[in-house]
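Below is protein_18.tsv, holding TSV, C-alpha atoms.
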```
chain	number	residue	atom	x	y	z
V	223	MET	CA	-8.23	27.65	32.24
V	224	SER	CA	-11.88	28.14	33.01
V	225	GLU	CA	-13.39	27.75	36.46
V	226	GLN	CA	-14.92	24.45	35.45
V	227	ASP	CA	-11.56	23.11	34.29
V	228	ILE	CA	-9.91	23.99	37.58
V	229	LEU	CA	-12.79	22.67	39.70
V	230	SER	CA	-12.88	19.39	37.78
V	231	ASN	CA	-9.55	18.53	39.42
V	232	PHE	CA	-11.34	18.33	42.76
V	233	LYS	CA	-13.82	15.57	43.59
V	234	ASN	CA	-15.72	17.66	46.14
V	235	SER	CA	-16.30	21.32	45.44
V	236	MET	CA	-18.86	24.06	45.93
V	237	THR	CA	-19.22	27.52	44.47
V	238	LEU	CA	-21.13	30.27	46.29
V	239	ASP	CA	-21.99	33.82	45.40
V	240	GLN	CA	-21.42	36.72	47.78
V	241	ASP	CA	-24.83	36.25	49.41
V	242	GLY	CA	-24.17	32.61	50.20
V	243	GLU	CA	-26.36	31.20	47.44
V	244	ILE	CA	-25.06	27.89	46.12
V	245	LEU	CA	-24.07	28.24	42.45
V	246	SER	CA	-22.71	24.73	41.99
V	247	ALA	CA	-21.69	21.68	44.01
V	248	THR	CA	-19.98	18.42	43.17
V	249	GLY	CA	-19.19	15.21	45.04
V	250	GLU	CA	-19.94	15.09	48.76
V	251	LEU	CA	-20.78	18.78	48.84
V	252	GLN	CA	-23.80	18.19	46.60
V	253	ASN	CA	-25.75	16.94	49.60
V	254	LYS	CA	-25.00	19.91	51.80
V	255	SER	CA	-27.84	22.15	52.92
V	256	LYS	CA	-28.07	25.94	52.80
V	257	ASP	CA	-26.84	25.98	56.41
V	258	PHE	CA	-23.45	24.76	55.19
V	259	ALA	CA	-23.24	27.70	52.79
V	260	LYS	CA	-24.40	30.11	55.51
V	261	THR	CA	-21.72	28.85	57.90
V	262	ILE	CA	-19.03	29.31	55.25
V	263	LEU	CA	-20.24	32.86	54.61
V	264	SER	CA	-20.32	33.59	58.33
V	265	MET	CA	-16.75	32.32	58.72
V	266	LEU	CA	-15.63	34.56	55.88
V	267	HIS	CA	-17.22	37.55	57.62
V	268	ASP	CA	-15.11	36.73	60.69
V	269	VAL	CA	-12.01	36.42	58.50
V	270	ASN	CA	-12.87	39.75	56.89
V	271	PHE	CA	-13.00	41.42	60.30
V	272	ILE	CA	-9.62	39.91	61.19
V	273	THR	CA	-7.90	40.88	57.95
V	274	THR	CA	-9.45	44.34	57.78
V	275	SER	CA	-8.30	45.21	61.31
V	276	SER	CA	-4.72	44.43	60.32
V	277	LYS	CA	-5.11	45.86	56.80
V	278	GLN	CA	-4.30	42.63	55.04
V	279	ASP	CA	-5.73	41.07	51.88
V	280	PHE	CA	-7.29	37.64	52.30
V	281	LYS	CA	-6.00	34.94	49.98
V	282	ARG	CA	-7.10	31.55	51.26
V	283	MET	CA	-8.32	29.72	54.35
V	284	SER	CA	-7.72	26.04	55.00
V	285	ILE	CA	-9.39	24.00	57.73
V	286	THR	CA	-7.48	20.81	58.43
V	287	PHE	CA	-9.10	17.90	60.24
V	288	ALA	CA	-7.57	14.48	60.80
V	289	ASN	CA	-8.62	13.07	57.45
V	290	GLU	CA	-9.98	15.93	55.38
V	291	VAL	CA	-9.10	19.50	54.48
V	292	TYR	CA	-11.52	22.26	53.53
V	293	ILE	CA	-9.96	24.95	51.37
V	294	ILE	CA	-11.84	28.20	50.83
V	295	THR	CA	-10.88	31.06	48.56
V	296	ILE	CA	-12.57	34.02	46.88
V	297	VAL	CA	-12.06	34.87	43.21
V	298	ASN	CA	-14.06	37.38	41.15
V	299	ASN	CA	-16.70	37.85	43.89
V	300	LYS	CA	-17.32	34.10	44.04
V	301	ILE	CA	-16.53	31.81	46.95
V	302	PHE	CA	-14.89	28.50	46.10
V	303	VAL	CA	-14.84	25.60	48.57
V	304	VAL	CA	-13.04	22.32	47.94
V	305	VAL	CA	-12.68	19.34	50.25
V	306	GLN	CA	-9.75	16.95	49.96
E	104	MET	CA	-1.62	35.75	85.19
E	105	ASP	CA	-0.40	32.18	85.27
E	106	ASN	CA	3.39	31.89	85.01
E	107	GLN	CA	3.14	28.95	82.69
E	108	LEU	CA	0.99	31.00	80.34
E	109	LEU	CA	3.43	33.91	80.43
E	110	ASP	CA	6.37	31.60	79.69
E	111	THR	CA	4.54	30.13	76.72
E	112	PHE	CA	3.72	33.60	75.40
E	113	SER	CA	7.36	34.69	75.55
E	114	GLN	CA	8.37	31.46	73.82
E	115	ILE	CA	5.94	32.14	71.00
E	116	SER	CA	7.02	35.73	70.47
E	117	SER	CA	10.70	34.76	70.46
E	118	GLN	CA	10.22	32.32	67.55
E	119	SER	CA	11.63	33.70	64.32
E	120	GLY	CA	9.05	34.87	61.84
E	121	VAL	CA	6.29	35.41	64.41
E	122	LEU	CA	4.57	38.73	63.81
E	123	GLY	CA	2.11	38.47	66.65
E	124	PHE	CA	-0.44	36.33	68.43
E	125	VAL	CA	-3.81	36.45	70.18
E	126	CYS	CA	-4.96	34.16	72.93
E	127	ALA	CA	-8.68	33.89	73.71
E	128	ASP	CA	-10.46	32.13	76.57
E	129	GLU	CA	-13.46	29.81	76.24
E	130	ASN	CA	-15.80	32.81	75.89
E	131	GLY	CA	-13.72	34.45	73.16
E	132	LEU	CA	-12.43	37.14	75.52
E	133	CYS	CA	-8.84	38.18	74.96
E	134	LEU	CA	-6.26	36.84	77.43
E	135	LYS	CA	-3.28	38.31	75.61
E	136	ALA	CA	-2.59	40.00	72.30
E	137	GLN	CA	0.82	40.93	71.01
E	138	GLY	CA	2.44	42.30	67.88
E	139	THR	CA	0.33	42.73	64.77
E	140	CYS	CA	-2.64	40.86	66.25
E	141	GLN	CA	-5.30	42.95	67.92
E	142	SER	CA	-7.24	42.05	71.05
E	143	SER	CA	-10.49	43.01	69.28
E	144	THR	CA	-10.13	39.96	67.03
E	145	SER	CA	-10.06	37.39	69.83
E	146	GLY	CA	-13.78	36.74	69.58
E	147	SER	CA	-13.55	36.27	65.82
E	148	TYR	CA	-10.92	33.56	66.16
E	149	LYS	CA	-12.97	31.66	68.73
E	150	SER	CA	-16.06	32.06	66.55
E	151	LEU	CA	-14.18	30.78	63.47
E	152	MET	CA	-13.14	27.68	65.36
E	153	ASP	CA	-16.67	26.98	66.63
E	154	LYS	CA	-18.13	27.37	63.14
E	155	ALA	CA	-15.50	25.10	61.61
E	156	LYS	CA	-16.63	22.32	63.93
E	157	ILE	CA	-20.27	22.91	62.95
E	158	LEU	CA	-19.33	22.94	59.27
E	159	ALA	CA	-17.73	19.53	59.36
E	160	ASP	CA	-20.10	18.24	62.07
E	161	ARG	CA	-17.19	17.17	64.24
E	162	GLU	CA	-16.07	17.43	67.84
E	163	GLU	CA	-12.37	17.59	67.05
E	164	SER	CA	-10.70	20.97	66.74
E	165	PRO	CA	-9.11	21.56	63.35
E	166	LEU	CA	-6.04	23.55	62.47
E	167	ILE	CA	-7.21	26.66	60.65
E	168	VAL	CA	-4.79	28.61	58.48
E	169	ILE	CA	-5.67	32.01	57.06
E	170	GLU	CA	-3.30	33.09	54.30
E	171	THR	CA	-3.08	36.78	53.52
E	172	ASP	CA	-0.75	38.78	51.34
E	173	THR	CA	1.57	39.59	54.24
E	174	SER	CA	1.18	36.77	56.76
E	175	ASN	CA	-0.13	33.32	57.57
E	176	ILE	CA	-2.30	33.01	60.66
E	177	PHE	CA	-2.39	29.61	62.39
E	178	ILE	CA	-5.30	28.95	64.71
E	179	GLN	CA	-5.79	26.07	67.12
E	180	ASN	CA	-7.79	25.51	70.24
E	181	ASN	CA	-8.67	23.16	73.05
E	182	GLN	CA	-11.59	23.42	75.47
E	183	ASN	CA	-10.21	26.41	77.31
E	184	ILE	CA	-7.94	28.37	75.01
E	185	THR	CA	-7.93	29.48	71.38
E	186	LEU	CA	-4.57	30.59	70.07
E	187	ALA	CA	-3.90	32.44	66.82
E	188	VAL	CA	-0.30	33.01	65.74
E	189	SER	CA	0.58	35.28	62.86
E	190	LYS	CA	3.77	34.40	61.02
E	191	LEU	CA	5.61	35.61	57.95
E	192	PRO	CA	4.67	33.55	54.89
```
Written form, structure tokens:
Amino acid sequence: MSEQDILSNFKNSMTLDQDGEILSATGELQNKSKDFAKTILSMLHDVNFITTSSKQDFKRMSITFANEVYIITIVNNKIFVVVQ
Amino acid sequence: MDNQLLDTFSQISSQSGVLGFVCADENGLCLKAQGTCQSSTSGSYKSLMDKAKILADREESPLIVIETDTSNIFIQNNQNITLAVSKLP
């Protein structure tokens, strides 16, 4: 399955490169500014510090609010964000 | 340190599957770190939580879960304390 096929299952998604540049965005994430992408990148730097200090490999981060969940993962040097 | 806090910490570490935990105060300074979690990461957990609120433009504190190859780290906070617990997947 290609990236596009997998992402099409999610109504709201965003793809970033390693520098935080927005490669694609669908649904509600289309309206997000560069600050959104920068915050995601900044959070992943924090996660990197946490996982590196305990010598673990990062797989996925989920941020659960009352009525939405942000799921962030990194594949092939690209950052994928989906909101459900 | 507060007895209530110490009791809670021993309760956490006695749960099965818990590898470690870190507790940070409102400034991100480490109150307690145990097991596989290091005190140097306390600021990072607090920072993660603050950024998550900015990301979603909300006041409420989310539950953040970081999944790694060897553990799942659950992070929650209130106004005063941020707690990260590392558990076996």
(request) Skip range 282-295 of chain V itself and residues of its chain fewer than 6 positions away, then list as a PyMOL selection string all residues within 10 Å of it, counting all atoms listed in the file. (result) (chain V and resi 234-237+262+265-266+269+301-306) or (chain E and resi 152+155-156+158-159+161+163-172+175-178)
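One finds CA of Gly242 in chain V at 8.2 Å from CA of Lys256 in chain V.
Closest to Glu225 in chain V among V:Ser255, V:Thr261, V:Thr273, V:Ser246 is V:Ser246, based on only C-alpha atoms.
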(request) Point out the residue among E:Ser150, E:Ser189, E:Gln179, E:Thr144 with the least atom-to-atom distance to Asn130 in chain E, counting only C-alpha atoms. (result)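 The shortest atom-to-atom distance to Asn130 in chain E comes from E:Ser150.
When CA of Cys133 in chain E is paired with CA of Gly120 in chain E, their separation reads 22.4 Å.
Reported to one decimal place, the separation of CA of Ser119 in chain E from CA of Tyr148 in chain E is 22.6 Å.
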(message) Given only C-alpha atoms as the basis, pick out the residue of E:Ser117, E:Thr185, E:Asn180, E:Ser143 nearest to chain V.
(response)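 Nearest candidate to chain V out of E:Ser117, E:Thr185, E:Asn180, E:Ser143: E:Ser143.
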Neighbour list for Ser174 in chain E as a PDB file with C-alpha atoms, in the frame of the given file, cut-off 6 Å, only C-alpha atoms, skip fewer than 5 positions in-chain:
```pdb
ATOM      1  CA  LYS E 190       3.770  34.400  61.020  1.00  0.00           C
ATOM      2  CA  LEU E 191       5.610  35.610  57.950  1.00  0.00           C
ATOM      3  CA  PRO E 192       4.670  33.550  54.890  1.00  0.00           C
TER       4      PRO E 192
END
```
(message) From the options E:Gln182, E:Val188, E:Cys140, E:Phe124, which residue's atoms come nearest to chain V, counting all atoms listed in the file?
(response)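 Distance minimum relative to chain V lands on E:Cys140.
Nearest to Thr139 in chain E of all the residues E:Gln107, E:Gly123, E:Gln118, E:Asn181 is E:Gly123, based on only C-alpha atoms.
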Would you compute the box with edges along x, y and z of the file around range 118-127 of chain E, including every atom the file lists for it and 6 Å extra on each side, and give its centre and edge lengths in Å to one decimal, as AutoDock Vina command-line options?
```
--center_x 1.5 --center_y 35.5 --center_z 67.8 --size_x 32.3 --size_y 18.4 --size_z 23.9
```
(message) Is it possible to get the residues within 6 Å of (6.2, 39.8, 68.0) (coordinates as in the file, counting only C-alpha atoms) written as number ranges by chain?
(response) E: 116, 121-123, 138
(request) For each of V:Ile228, V:Ile244, V:Ile272, V:Val297, take the minimum atom-to-atom distance to Asp257 in chain V, counting all atoms listed in the file, then give the residue where this is smallest. (result)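 Among the listed residues, V:Ile244 lies closest to Asp257 in chain V.
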(message) Applying 10 Å and all atoms listed in the file, which residues near Asn183 in chain E remain after dropping the ones on its own chain fewer than 5 positions away? List them as a ChimeraX atom specification.
(response) /E:127-131
Go ahead and write the residues just picked, C-alpha atoms, as a PDB file, in the coordinates of the input.
```pdb
ATOM      1  CA  ALA E 127      -8.680  33.890  73.710  1.00  0.00           C
ATOM      2  CA  ASP E 128     -10.460  32.130  76.570  1.00  0.00           C
ATOM      3  CA  GLU E 129     -13.460  29.810  76.240  1.00  0.00           C
ATOM      4  CA  ASN E 130     -15.800  32.810  75.890  1.00  0.00           C
ATOM      5  CA  GLY E 131     -13.720  34.450  73.160  1.00  0.00           C
TER       6      GLY E 131
END
```
